[in-house]
Structures are given as C-alpha cells and as structure tokens.
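Q: Below is data-v4.csv; it holds CSV, C-alpha atoms.
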```csv
chain,number,residue,atom,x,y,z
A,112,MET,CA,12.1,-20.2,20.8
A,113,HIS,CA,10.7,-18.4,23.9
A,114,GLN,CA,7.0,-18.1,23.0
A,115,ARG,CA,4.5,-19.7,20.8
A,116,THR,CA,0.8,-19.0,20.6
A,117,GLN,CA,-1.8,-19.6,17.9
A,118,SER,CA,-4.9,-17.5,16.9
A,119,ALA,CA,-6.9,-17.9,13.7
A,120,GLY,CA,-4.1,-19.8,11.9
A,121,LEU,CA,-1.4,-17.3,12.9
A,122,ARG,CA,1.5,-18.5,15.0
A,123,HIS,CA,3.3,-16.0,17.2
A,124,ARG,CA,6.9,-16.6,18.2
A,125,THR,CA,9.7,-14.7,19.8
A,126,ILE,CA,13.3,-15.7,18.8
A,127,ASP,CA,16.7,-14.8,20.0
A,128,ALA,CA,18.4,-12.2,17.7
A,129,PRO,CA,21.1,-9.5,17.8
A,130,ALA,CA,18.4,-7.0,18.9
A,131,GLY,CA,17.7,-9.3,22.0
A,132,ARG,CA,14.5,-10.7,20.7
A,133,LEU,CA,12.4,-10.5,17.6
A,134,HIS,CA,8.7,-11.1,17.6
A,135,LEU,CA,7.2,-12.7,14.4
A,136,VAL,CA,4.0,-14.0,13.2
A,137,GLU,CA,3.8,-16.8,10.6
A,138,GLN,CA,1.3,-18.7,8.6
A,139,GLY,CA,1.5,-21.6,6.1
A,140,THR,CA,4.2,-24.0,5.1
A,141,GLY,CA,6.5,-24.1,2.1
A,142,PRO,CA,9.3,-21.7,0.9
A,143,LEU,CA,10.0,-18.9,3.4
A,144,VAL,CA,8.7,-15.4,2.6
A,145,LEU,CA,9.9,-12.7,5.0
A,146,LEU,CA,7.6,-9.6,5.3
A,147,VAL,CA,9.3,-6.4,6.6
A,148,HIS,CA,7.1,-3.5,7.6
A,149,GLY,CA,7.8,0.3,7.7
A,150,PHE,CA,7.0,3.3,9.8
A,151,PRO,CA,4.8,3.6,11.8
A,152,GLU,CA,3.5,0.1,11.6
A,153,SER,CA,4.1,-3.5,12.8
A,154,TRP,CA,3.7,-7.1,11.7
A,155,TYR,CA,0.0,-6.3,11.6
A,156,SER,CA,0.5,-4.4,8.4
A,157,TRP,CA,0.8,-7.7,6.6
A,158,ARG,CA,-2.5,-9.2,8.0
A,159,HIS,CA,-3.9,-9.5,4.5
A,160,GLN,CA,-0.8,-11.0,3.0
A,161,LEU,CA,-0.2,-13.8,5.6
A,162,PRO,CA,-3.2,-15.9,4.8
A,163,ALA,CA,-3.0,-15.2,1.0
A,164,LEU,CA,0.7,-16.3,0.9
A,165,ALA,CA,-0.1,-19.3,3.1
A,166,ALA,CA,-2.9,-20.4,0.8
A,167,ALA,CA,-0.6,-20.1,-2.2
A,168,GLY,CA,1.9,-22.6,-0.7
A,169,PHE,CA,4.4,-20.4,1.2
A,170,ARG,CA,5.6,-20.0,4.7
A,171,ALA,CA,4.8,-16.3,5.3
A,172,VAL,CA,6.5,-14.7,8.2
A,173,ALA,CA,5.9,-11.0,9.3
A,174,LEU,CA,8.2,-9.6,12.0
A,175,ASP,CA,8.1,-6.6,14.3
A,176,VAL,CA,11.2,-4.8,13.2
A,177,ARG,CA,13.7,-3.9,16.0
A,178,GLY,CA,12.2,-1.0,17.9
A,179,TYR,CA,8.6,-1.9,17.3
A,180,GLY,CA,5.9,-4.0,18.9
A,181,ARG,CA,7.1,-7.0,20.9
A,182,SER,CA,10.6,-7.0,19.5
A,183,SER,CA,13.4,-5.5,21.6
A,184,ARG,CA,14.0,-1.8,21.7
A,185,PRO,CA,17.7,-1.0,22.3
A,186,ALA,CA,18.3,2.4,23.9
A,187,ALA,CA,21.2,3.5,21.7
A,188,VAL,CA,20.5,5.3,18.4
A,189,ASP,CA,23.3,3.5,16.7
A,190,ALA,CA,21.6,0.2,17.5
A,191,TYR,CA,19.2,1.0,14.6
A,192,ARG,CA,21.8,1.1,11.8
A,193,MET,CA,20.9,-0.8,8.7
A,194,LEU,CA,23.6,-3.3,9.2
A,195,ASP,CA,22.1,-4.4,12.5
A,196,LEU,CA,18.6,-4.7,11.0
A,197,VAL,CA,20.1,-6.9,8.2
A,198,GLU,CA,21.6,-9.1,10.9
A,199,ASP,CA,18.2,-9.4,12.6
A,200,ASN,CA,16.8,-10.7,9.3
A,201,LEU,CA,19.6,-13.2,9.0
A,202,ALA,CA,19.1,-14.4,12.5
A,203,LEU,CA,15.4,-14.8,11.8
A,204,VAL,CA,16.0,-17.0,8.8
A,205,ARG,CA,18.4,-19.2,10.7
A,206,ALA,CA,16.1,-19.5,13.8
A,207,LEU,CA,13.3,-20.7,11.5
A,208,GLY,CA,15.6,-23.5,10.3
A,209,GLU,CA,15.9,-22.1,6.8
A,210,GLU,CA,18.8,-21.4,4.5
A,211,GLN,CA,17.1,-19.0,2.2
A,212,ALA,CA,14.1,-16.6,2.0
A,213,VAL,CA,12.3,-14.3,-0.3
A,214,ILE,CA,12.2,-10.9,1.3
A,215,VAL,CA,9.4,-8.4,0.8
A,216,GLY,CA,9.5,-4.9,2.3
A,217,HIS,CA,7.2,-1.9,2.5
A,218,ASP,CA,8.3,1.7,3.2
A,219,TRP,CA,11.4,1.5,5.5
A,220,GLY,CA,11.0,-2.2,5.2
A,221,SER,CA,11.7,-1.8,1.5
A,222,ASN,CA,15.1,-0.3,2.3
A,223,ILE,CA,15.8,-3.0,4.9
A,224,ALA,CA,14.9,-5.7,2.4
A,225,ALA,CA,17.1,-4.1,-0.3
A,226,ALA,CA,20.1,-3.9,2.1
A,227,SER,CA,19.5,-7.5,3.1
A,228,ALA,CA,19.4,-8.7,-0.5
A,229,LEU,CA,22.4,-6.6,-1.5
A,230,LEU,CA,24.6,-7.7,1.4
A,231,HIS,CA,23.5,-11.4,1.5
A,232,PRO,CA,22.4,-12.6,-1.9
A,233,ASP,CA,23.1,-16.2,-0.9
A,234,VAL,CA,20.4,-16.0,1.8
A,235,PHE,CA,17.8,-13.6,0.3
A,236,ARG,CA,17.2,-15.2,-3.1
A,237,ALA,CA,14.5,-12.8,-4.4
A,238,ILE,CA,13.1,-9.4,-3.3
A,239,ALA,CA,9.8,-7.5,-3.7
A,240,LEU,CA,9.7,-3.8,-2.9
A,241,LEU,CA,6.5,-2.0,-2.0
A,242,SER,CA,6.1,1.8,-2.2
A,243,VAL,CA,9.8,2.7,-1.9
A,244,PRO,CA,11.9,1.8,-5.0
A,245,TYR,CA,15.4,0.6,-4.8
A,246,ALA,CA,18.1,3.4,-5.0
A,247,PRO,CA,21.7,2.1,-4.7
A,248,PRO,CA,23.8,3.4,-1.9
A,249,GLY,CA,25.7,6.5,-2.6
A,250,GLY,CA,25.1,10.2,-3.3
A,251,PRO,CA,25.4,13.1,-0.9
A,252,ARG,CA,25.0,12.7,2.9
A,253,PRO,CA,21.3,12.1,3.6
A,254,SER,CA,20.9,14.8,6.3
A,255,ASP,CA,22.4,17.4,4.0
A,256,VAL,CA,19.9,16.4,1.3
A,257,PHE,CA,16.9,16.4,3.5
A,258,GLY,CA,17.9,19.6,5.2
A,259,ARG,CA,17.7,21.5,1.9
A,260,ILE,CA,14.2,20.2,1.0
A,261,GLY,CA,11.4,22.6,1.8
A,262,GLY,CA,13.3,25.9,1.7
A,263,PRO,CA,13.2,28.7,4.3
A,264,GLU,CA,9.6,28.2,5.4
A,265,GLN,CA,9.1,24.5,5.5
A,266,GLU,CA,11.1,21.6,7.0
A,267,PHE,CA,11.0,18.1,5.5
A,268,TYR,CA,9.5,15.4,7.8
A,269,VAL,CA,12.7,13.3,7.7
A,270,SER,CA,14.7,16.2,9.2
A,271,TYR,CA,12.0,16.8,11.8
A,272,PHE,CA,12.1,13.1,12.8
A,273,GLN,CA,15.9,13.1,13.0
A,274,GLU,CA,16.1,15.4,16.0
A,275,PRO,CA,15.8,13.1,19.2
A,276,GLY,CA,12.7,13.8,21.2
A,277,ARG,CA,11.1,16.3,18.9
A,278,ALA,CA,8.6,14.1,17.1
A,279,GLU,CA,8.0,12.1,20.3
A,280,ALA,CA,6.8,15.3,22.0
A,281,GLU,CA,4.2,15.8,19.2
A,282,ILE,CA,3.0,12.2,18.9
A,283,GLU,CA,3.1,10.6,22.3
A,284,PRO,CA,0.5,12.8,24.1
A,285,ASP,CA,-2.1,11.5,21.6
A,286,VAL,CA,-0.7,8.5,19.8
A,287,ARG,CA,-4.1,7.3,18.5
A,288,GLY,CA,-5.1,10.6,17.1
A,289,TRP,CA,-1.7,11.2,15.5
A,290,LEU,CA,-1.5,7.8,13.9
A,291,ALA,CA,-5.1,8.3,12.5
A,292,GLY,CA,-4.1,11.6,10.9
A,293,PHE,CA,-0.7,10.3,9.6
A,294,TYR,CA,-2.4,7.2,8.0
A,295,ALA,CA,-5.1,9.4,6.5
A,296,ALA,CA,-2.6,12.0,5.2
A,297,LEU,CA,-0.9,9.4,3.0
A,298,SER,CA,-3.9,7.3,1.9
A,299,ALA,CA,-5.4,7.9,-1.5
A,300,ASP,CA,-9.0,8.4,-0.3
A,301,THR,CA,-8.3,10.8,2.5
A,302,MET,CA,-5.0,12.7,1.6
A,303,PRO,CA,-5.2,16.5,1.5
A,304,ALA,CA,-6.1,18.0,-1.9
A,305,GLY,CA,-3.3,19.3,-4.0
A,306,ASP,CA,-4.0,22.9,-3.0
A,307,ARG,CA,-3.7,22.1,0.7
A,308,PRO,CA,-0.4,22.2,2.7
A,309,ASP,CA,1.8,19.2,2.0
A,310,PRO,CA,1.7,16.8,5.1
A,311,HIS,CA,5.3,15.8,4.4
A,312,PHE,CA,6.5,19.1,5.8
A,313,VAL,CA,6.4,21.1,9.0
A,314,THR,CA,6.2,24.9,9.1
A,315,ARG,CA,9.6,26.0,10.3
A,316,GLY,CA,9.9,27.5,13.8
A,317,HIS,CA,6.6,26.5,15.4
A,318,GLY,CA,4.8,23.8,13.3
A,319,GLN,CA,3.9,20.2,13.8
A,320,LEU,CA,3.2,17.5,11.3
A,321,ARG,CA,-0.3,17.0,12.6
A,322,ASP,CA,-1.2,20.6,11.7
A,323,ARG,CA,-1.5,19.4,8.1
A,324,PHE,CA,-3.2,16.0,8.7
A,325,PRO,CA,-6.9,15.4,7.8
A,326,VAL,CA,-9.2,15.4,10.8
A,327,GLY,CA,-12.1,13.2,11.6
A,328,GLU,CA,-12.0,10.7,8.8
A,329,LEU,CA,-10.3,7.3,8.6
A,330,PRO,CA,-9.2,5.9,5.3
A,331,ALA,CA,-11.3,3.0,4.0
A,332,TRP,CA,-8.7,0.4,4.7
A,333,LEU,CA,-8.4,1.3,8.4
A,334,THR,CA,-11.1,0.3,10.8
A,335,GLU,CA,-11.4,1.5,14.3
A,336,ASP,CA,-10.2,-1.9,15.5
A,337,ASP,CA,-7.2,-1.8,13.2
A,338,LEU,CA,-6.3,1.6,14.6
A,339,ASP,CA,-6.6,0.3,18.1
A,340,VAL,CA,-4.0,-2.4,17.3
A,341,TYR,CA,-1.5,0.1,16.0
A,342,ALA,CA,-2.2,2.7,18.7
A,343,GLY,CA,-2.1,0.0,21.5
A,344,GLU,CA,1.4,-1.0,20.4
A,345,PHE,CA,2.8,2.5,20.2
A,346,GLU,CA,1.2,3.6,23.4
A,347,ARG,CA,3.0,0.8,25.1
A,348,THR,CA,6.4,1.2,23.4
A,349,GLY,CA,6.6,4.9,22.6
A,350,LEU,CA,7.9,6.1,19.3
A,351,THR,CA,11.6,6.4,19.9
A,352,GLY,CA,12.6,3.0,18.7
A,353,ALA,CA,10.7,3.5,15.4
A,354,LEU,CA,12.0,7.0,14.9
A,355,ASN,CA,15.6,5.9,15.5
A,356,ARG,CA,15.6,4.5,12.0
A,357,TYR,CA,15.5,8.0,10.7
A,358,ARG,CA,18.3,9.0,13.1
A,359,SER,CA,20.6,6.4,11.7
A,360,MET,CA,20.5,7.4,8.0
A,361,ASP,CA,23.9,9.1,7.9
A,362,ARG,CA,25.4,6.1,9.7
A,363,ASP,CA,23.9,3.9,7.0
A,364,TRP,CA,25.4,6.1,4.3
A,365,GLU,CA,28.8,5.6,5.8
A,366,ASP,CA,28.3,1.8,6.4
A,367,LEU,CA,27.1,1.1,2.9
A,368,ALA,CA,29.6,3.3,1.1
A,369,PRO,CA,31.5,0.2,-0.2
A,370,HIS,CA,28.4,-0.7,-2.1
A,371,ARG,CA,28.0,2.6,-3.8
A,372,GLY,CA,26.0,2.2,-7.0
A,373,ALA,CA,25.6,-1.6,-6.6
A,374,PRO,CA,22.7,-3.3,-8.3
A,375,ILE,CA,20.5,-6.0,-6.7
A,376,LYS,CA,20.9,-9.0,-9.1
A,377,GLN,CA,18.3,-11.4,-7.6
A,378,PRO,CA,14.8,-11.7,-9.1
A,379,SER,CA,12.8,-8.7,-8.1
A,380,LEU,CA,9.4,-7.1,-8.1
A,381,PHE,CA,8.2,-3.5,-7.5
A,382,ILE,CA,4.7,-2.3,-6.6
A,383,GLY,CA,3.9,1.3,-5.9
A,384,GLY,CA,0.9,3.6,-5.6
A,385,ALA,CA,0.2,6.3,-8.2
A,386,GLN,CA,-0.8,8.8,-5.4
A,387,ASP,CA,2.2,8.0,-3.2
A,388,ALA,CA,4.9,10.6,-2.9
A,389,SER,CA,7.5,7.8,-2.6
A,390,THR,CA,6.9,6.8,-6.2
A,391,THR,CA,6.6,10.3,-7.6
A,392,TRP,CA,9.6,11.8,-5.8
A,393,MET,CA,11.7,8.8,-6.7
A,394,ALA,CA,10.5,8.5,-10.3
A,395,ASP,CA,14.2,8.6,-11.4
A,396,ALA,CA,14.9,5.5,-9.2
A,397,ILE,CA,12.1,3.6,-10.9
A,398,ASP,CA,13.4,4.7,-14.3
A,399,ALA,CA,16.8,3.3,-13.4
A,400,PHE,CA,15.5,-0.2,-12.6
A,401,PRO,CA,16.9,-1.7,-15.8
A,402,SER,CA,20.4,-1.1,-14.4
A,403,THR,CA,19.7,-1.2,-10.6
A,404,LEU,CA,17.4,-4.2,-10.6
A,405,PRO,CA,18.6,-6.1,-13.7
A,406,ALA,CA,16.5,-9.2,-12.8
A,407,LEU,CA,13.3,-7.2,-12.3
A,408,ALA,CA,10.3,-9.3,-13.3
A,409,SER,CA,7.8,-6.4,-13.5
A,410,SER,CA,7.1,-3.0,-12.0
A,411,HIS,CA,3.5,-1.9,-11.2
A,412,ILE,CA,2.0,1.5,-10.3
A,413,LEU,CA,-1.5,1.0,-8.9
A,414,ASP,CA,-3.9,3.8,-9.9
A,415,GLY,CA,-5.9,5.4,-7.1
A,416,CYS,CA,-3.5,4.0,-4.4
A,417,GLY,CA,-1.5,5.9,-1.8
A,418,HIS,CA,1.3,4.9,0.5
A,419,TRP,CA,-0.2,2.0,2.5
A,420,ILE,CA,-0.3,-0.2,-0.5
A,421,GLN,CA,-0.7,-3.7,0.9
A,422,GLN,CA,-3.5,-2.4,3.1
A,423,GLU,CA,-5.2,-0.1,0.7
A,424,ARG,CA,-5.1,-2.6,-2.2
A,425,PRO,CA,-4.6,-6.0,-0.6
A,426,ASP,CA,-6.2,-8.1,-3.4
A,427,ASP,CA,-4.0,-6.5,-6.1
A,428,VAL,CA,-0.9,-6.8,-4.0
A,429,ASN,CA,-1.7,-10.4,-3.1
A,430,ARG,CA,-2.3,-11.3,-6.7
A,431,LEU,CA,0.9,-9.7,-7.9
A,432,LEU,CA,3.0,-11.2,-5.1
A,433,THR,CA,1.7,-14.7,-5.4
A,434,GLY,CA,2.0,-14.7,-9.1
A,435,TRP,CA,5.6,-13.5,-8.9
A,436,LEU,CA,6.5,-15.9,-6.1
A,437,ALA,CA,5.1,-18.8,-8.1
A,438,SER,CA,7.3,-17.9,-11.1
A,439,LEU,CA,10.5,-18.0,-9.0
A,440,PRO,CA,12.9,-20.9,-9.5
A,441,ASP,CA,13.0,-23.3,-6.6
```
Using the file provided, produce a representation of the structure as structure tokens.
A:
Amino acid sequence: MHQRTQSAGLRHRTIDAPAGRLHLVEQGTGPLVLLVHGFPESWYSWRHQLPALAAAGFRAVALDVRGYGRSSRPAAVDAYRMLDLVEDNLALVRALGEEQAVIVGHDWGSNIAAASALLHPDVFRAIALLSVPYAPPGGPRPSDVFGRIGGPEQEFYVSYFQEPGRAEAEIEPDVRGWLAGFYAALSADTMPAGDRPDPHFVTRGHGQLRDRFPVGELPAWLTEDDLDVYAGEFERTGLTGALNRYRSMDRDWEDLAPHRGAPIKQPSLFIGGAQDASTTWMADAIDAFPSTLPALASSHILDGCGHWIQQERPDDVNRLLTGWLASLPD
C-alpha cells in the first residue's frame, strides 16, 4: 500500500495493480463489496453507498477504474481491454487481503462487473448490475452494430467516442460545462423532452454531442460541489483514459468469444431506471434474465429515474442493495 488517508470515515488507498496503481476508497468492515463506476465518473459516484453499506456491516470499496481519477492511465488503447480491467479487480481483492468479493457495477462498471463474475466465479461470489443489464458475449462485431445505429443523418455516441481524439476535442476545452450537460441529458428531471433531438446522437458531418444537451440547469442529485469534484478530476487527467474503454469494444468481443452466450450463475441483482435508455434499448436483455442470470434474486425498474441511478435515487438503491446483500449466503 502506497498511500492511506482518512476523511469523514472514508479511507483512501493506492495499491499496486496491473494498471500500475489503483486508487480506492473504503468504508466499514465485514464482507467485501467492490463498487465499480462507469463513464464519465469516479469512485465519488458511490459516495451515498459507501456509508450505507458500511452501516449494514459490509466493507465497501469504490475504486477509480483504470484511466480515471488517481488510478494509472496507460497510454495504449489496448491497455483498456476488458480482460485487463478484470485483472485489476482481482488484484484489488488480493491486495485487500480477501479471497472473495461481491461486485456491484454501474454503466460501464456493470459490464466490467459482469466480465469479472463470468471469468472468475470463485472470486466474485455475487453480482449486482445497475442501469446496464447483462448481455452475454457474442453477436455481431460491436463497431458494426453501432455504426448502423442512427442512419444517414445521425451518428450514435459510441461510434463518436470510438474515434481517438474526436470527443476529447469537444469535451476538454470546457470539461465542467460538458459534464454538466451530459449528466443533465441522462437524468430523469432534466433530460430533453421526447420531441427534442436525442442526446445519444451526433448530427453527422458537423455536430457535437453537447449540441443536444440541456443548458443552464443541473439535475437535482448534482450539486455545484459535486460537479466540481468530477470536473476537477477530468480537468487534471483529460478524457482519453475514460474514452479508451469505448475504443476497446471490438477487442473485448474477440477476447470474450470463448464465452459466447454464457450465463452468470452466481446470485445476482438488477436495478434500472424507467427513463434510462440503457434499460429501454436493452429490454430484450432484461427479458432474457431467466436464462442469462439464472440465480437472479430480483430485478427492479425505478419509476421516474434516469441513468445515474445510485445518485438519483440513493435511498432506493441502498435499500435494495443492503437487503440483497443481507440475503446472500456467507
């Protein structure tokens, strides 16, 4: 362990990992629960869950995923492949002196958690997925699928993010403003009305994502201080490490091909937002849970909730998480 500080019950640490270093924040004692964030976030996205899980008798640990925050940011795009992120999670469990963990993921963290549980069921004994449902590896090459979404006039945001440097050129001149708009665009209380242009797309040829973001209003869950935390990290690190996750999707498709169609057999939980495109676009994946998540305890869609589920609805998420965790076998 290189670093250890404490503030308001939170313990910050930096551990050695395949990425170089991983920064994590932990609270509480008991069975280990690993919290994995998505894009564009950090360990801070779990600020409401850390104390709640600690109070419920768990050792809650939220990390900065490789490429984010105080964790290492390798230069090579292929350093952000899913197999490497899974190895980071394994290293974290071992560095904390544990043999097993429950893993909880949101957004990209949901995919990272799913791959960790799929590849290492002996270590990751249970899994909770927030916002993004489990879809087994397989299907067509991701870049081909995303390239067809939107048609001749619109480009899907994933394809936009996959081109190195392109999204950075939009975001990095005004990180704080871009993040505010992106968070608002996917929050239930501030997202554009149904008759407005969809913020998941860019107008082909000359558009930017921010052209479709709400302006001038923060969602209720996001204070100016919260936004300062996120913006401060990305202003310091840039966005390339975070965006390289999108640029590794075809590589993941190849790496995980041996697990095509494989279910996750450990105890599981899903929580999504009714106004989140992740749950509506992937409704078929949710419908398939009886076969893809055969040990699913329950699946919940929260009314009036957007994408940032554990921040928009922390009390509901904490209640569902702690209840499920308490039900797991030791």
Q: Compile a residue-level contact table for stretch 271-369 of chain A against stretch 240-248 of chain A at a cut-off of 9 Å, reporting for every qualifying residue the shortest atom pair and its distance in Å to one decimal, with only C-alpha atoms counted, rows ordered by chain and ascending number, as CSV.
A:
```
residue,atom,partner,partner_atom,distance
A:Asp363,CA,A:Pro248,CA,8.9
A:Trp364,CA,A:Pro248,CA,6.9
A:Leu367,CA,A:Pro248,CA,6.3
A:Ala368,CA,A:Pro248,CA,6.5
A:Pro369,CA,A:Pro248,CA,8.5
```
Q: Have a look at A:Pro405, A:Gly178, A:Pro330, A:Gly352 and name the one nearest to A:Met302; count only C-alpha atoms.
A: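 Going through A:Pro405, A:Gly178, A:Pro330, A:Gly352 one by one, the smallest distance to A:Met302 is for A:Pro330.
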Q: Do you know which residues are at most 7 Å from stretch 377-388 of chain A counting all atoms listed in the file, after dropping those on the same chain fewer than 4 positions away, and could you put them as a list in words?
A: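 Here the qualifying residues turn out to be Arg236, Ala237, Ile238, Ala239, Leu240, Leu241, Ser242, Pro244, Ala299, Trp392, Leu404, Ala406, Leu407, Ala408, Ser409, Ser410, His411, Ile412, Leu413, Asp414, Gly415, Cys416, Gly417, His418 and Ile420 of chain A.
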Q: In terms of the shortest atom-to-atom distance over all atoms listed in the file, which of A:Arg287, A:Leu338, A:Gly131, A:Glu423 is closest to A:Ala186?
A: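 For A:Ala186, the nearest of the given residues is A:Gly131.
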Q: Can you measure atom CA of A:Leu297 to atom CA of A:Val136 for me? One decimal in Å is fine.
A: 26.0 Å
Q: Nearest residue to A:Gly349 out of A:Arg184, A:Arg158, A:Arg323, A:Arg177, using all atoms listed in the file?
A: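 Answer, going by the shortest atom-to-atom distance: A:Arg184.
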Q: Choose the residue, out of A:Val147, A:Glu264, A:Val172, A:Asp300, that has the smallest atom-to-atom separation from A:Ser227; count only C-alpha atoms.
A: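 Of the candidates, the smallest distance to A:Ser227 is held by A:Val147.
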Q: Between atom CA of A:Ala163 and atom CA of A:Arg424, what is the spacing in Å?
A: 13.2 Å
Q: Show which residues sit within 9 Å of A:Glu279, as number ranges by chain. Count all atoms listed in the file, and ignore same-chain residues fewer than 3 positions away.
A: A: 272, 275-276, 282-284, 349-351, 354
Q: Check the smallest atom-to-atom distance from each of A:Leu164, A:Val340, A:Ala228, A:Ala202 to A:Ala291 using all atoms listed in the file, then report the winner.
A: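 Nearest candidate to A:Ala291 out of A:Leu164, A:Val340, A:Ala228, A:Ala202: A:Val340.
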Q: Would you work out the distance separating atom CA of A:Pro325 from atom CA of A:Tyr341, expressed in Å to one decimal?
A: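 Distance reported for this atom pair: 18.2 Å.
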Q: Got a sec: who's within 9 Å of A:Ser359, counting all atoms listed in the file, leaving out chain neighbours fewer than 6 positions off, as a PDB file with C-alpha atoms, in the frame of the given file?
A:
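New file part.pdb:
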```pdb
ATOM      1  CA  VAL A 188      20.500   5.300  18.400  1.00  0.00           C
ATOM      2  CA  ASP A 189      23.300   3.500  16.700  1.00  0.00           C
ATOM      3  CA  ALA A 190      21.600   0.200  17.500  1.00  0.00           C
ATOM      4  CA  TYR A 191      19.200   1.000  14.600  1.00  0.00           C
ATOM      5  CA  ARG A 192      21.800   1.100  11.800  1.00  0.00           C
ATOM      6  CA  MET A 193      20.900  -0.800   8.700  1.00  0.00           C
ATOM      7  CA  GLN A 273      15.900  13.100  13.000  1.00  0.00           C
TER       8      GLN A 273
END
```
Q: Pick the closest to A:Asn355 from A:Ala278, A:Gly318, A:Pro142, A:Leu432: which is it, counting all atoms listed in the file?
A: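 Between A:Ala278, A:Gly318, A:Pro142, A:Leu432, the residue approaching A:Asn355 most closely is A:Ala278.
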Q: As a VMD selection string, please: the residues near A:Tyr271 (cut-off 12 Å, all atoms listed in the file, same-chain neighbours under 2 positions excluded).
A: chain A and resid 254 257 to 258 260 to 261 265 to 269 273 to 281 311 to 320 354 357 to 358
Q: Pick out the residues sitting within 10 Å of A:Gly327, and hand them over as an mmCIF file with C-alpha atoms, in the coordinates of the input; count all atoms listed in the file, and ignore anything fewer than 5 positions along from it in its own chain.
A:
```
data_model
loop_
_atom_site.group_PDB
_atom_site.id
_atom_site.type_symbol
_atom_site.label_atom_id
_atom_site.label_comp_id
_atom_site.auth_asym_id
_atom_site.auth_seq_id
_atom_site.Cartn_x
_atom_site.Cartn_y
_atom_site.Cartn_z
ATOM 1 C CA GLY A 288 -5.100 10.600 17.100
ATOM 2 C CA ALA A 291 -5.100 8.300 12.500
ATOM 3 C CA GLY A 292 -4.100 11.600 10.900
ATOM 4 C CA ALA A 295 -5.100 9.400 6.500
#
```
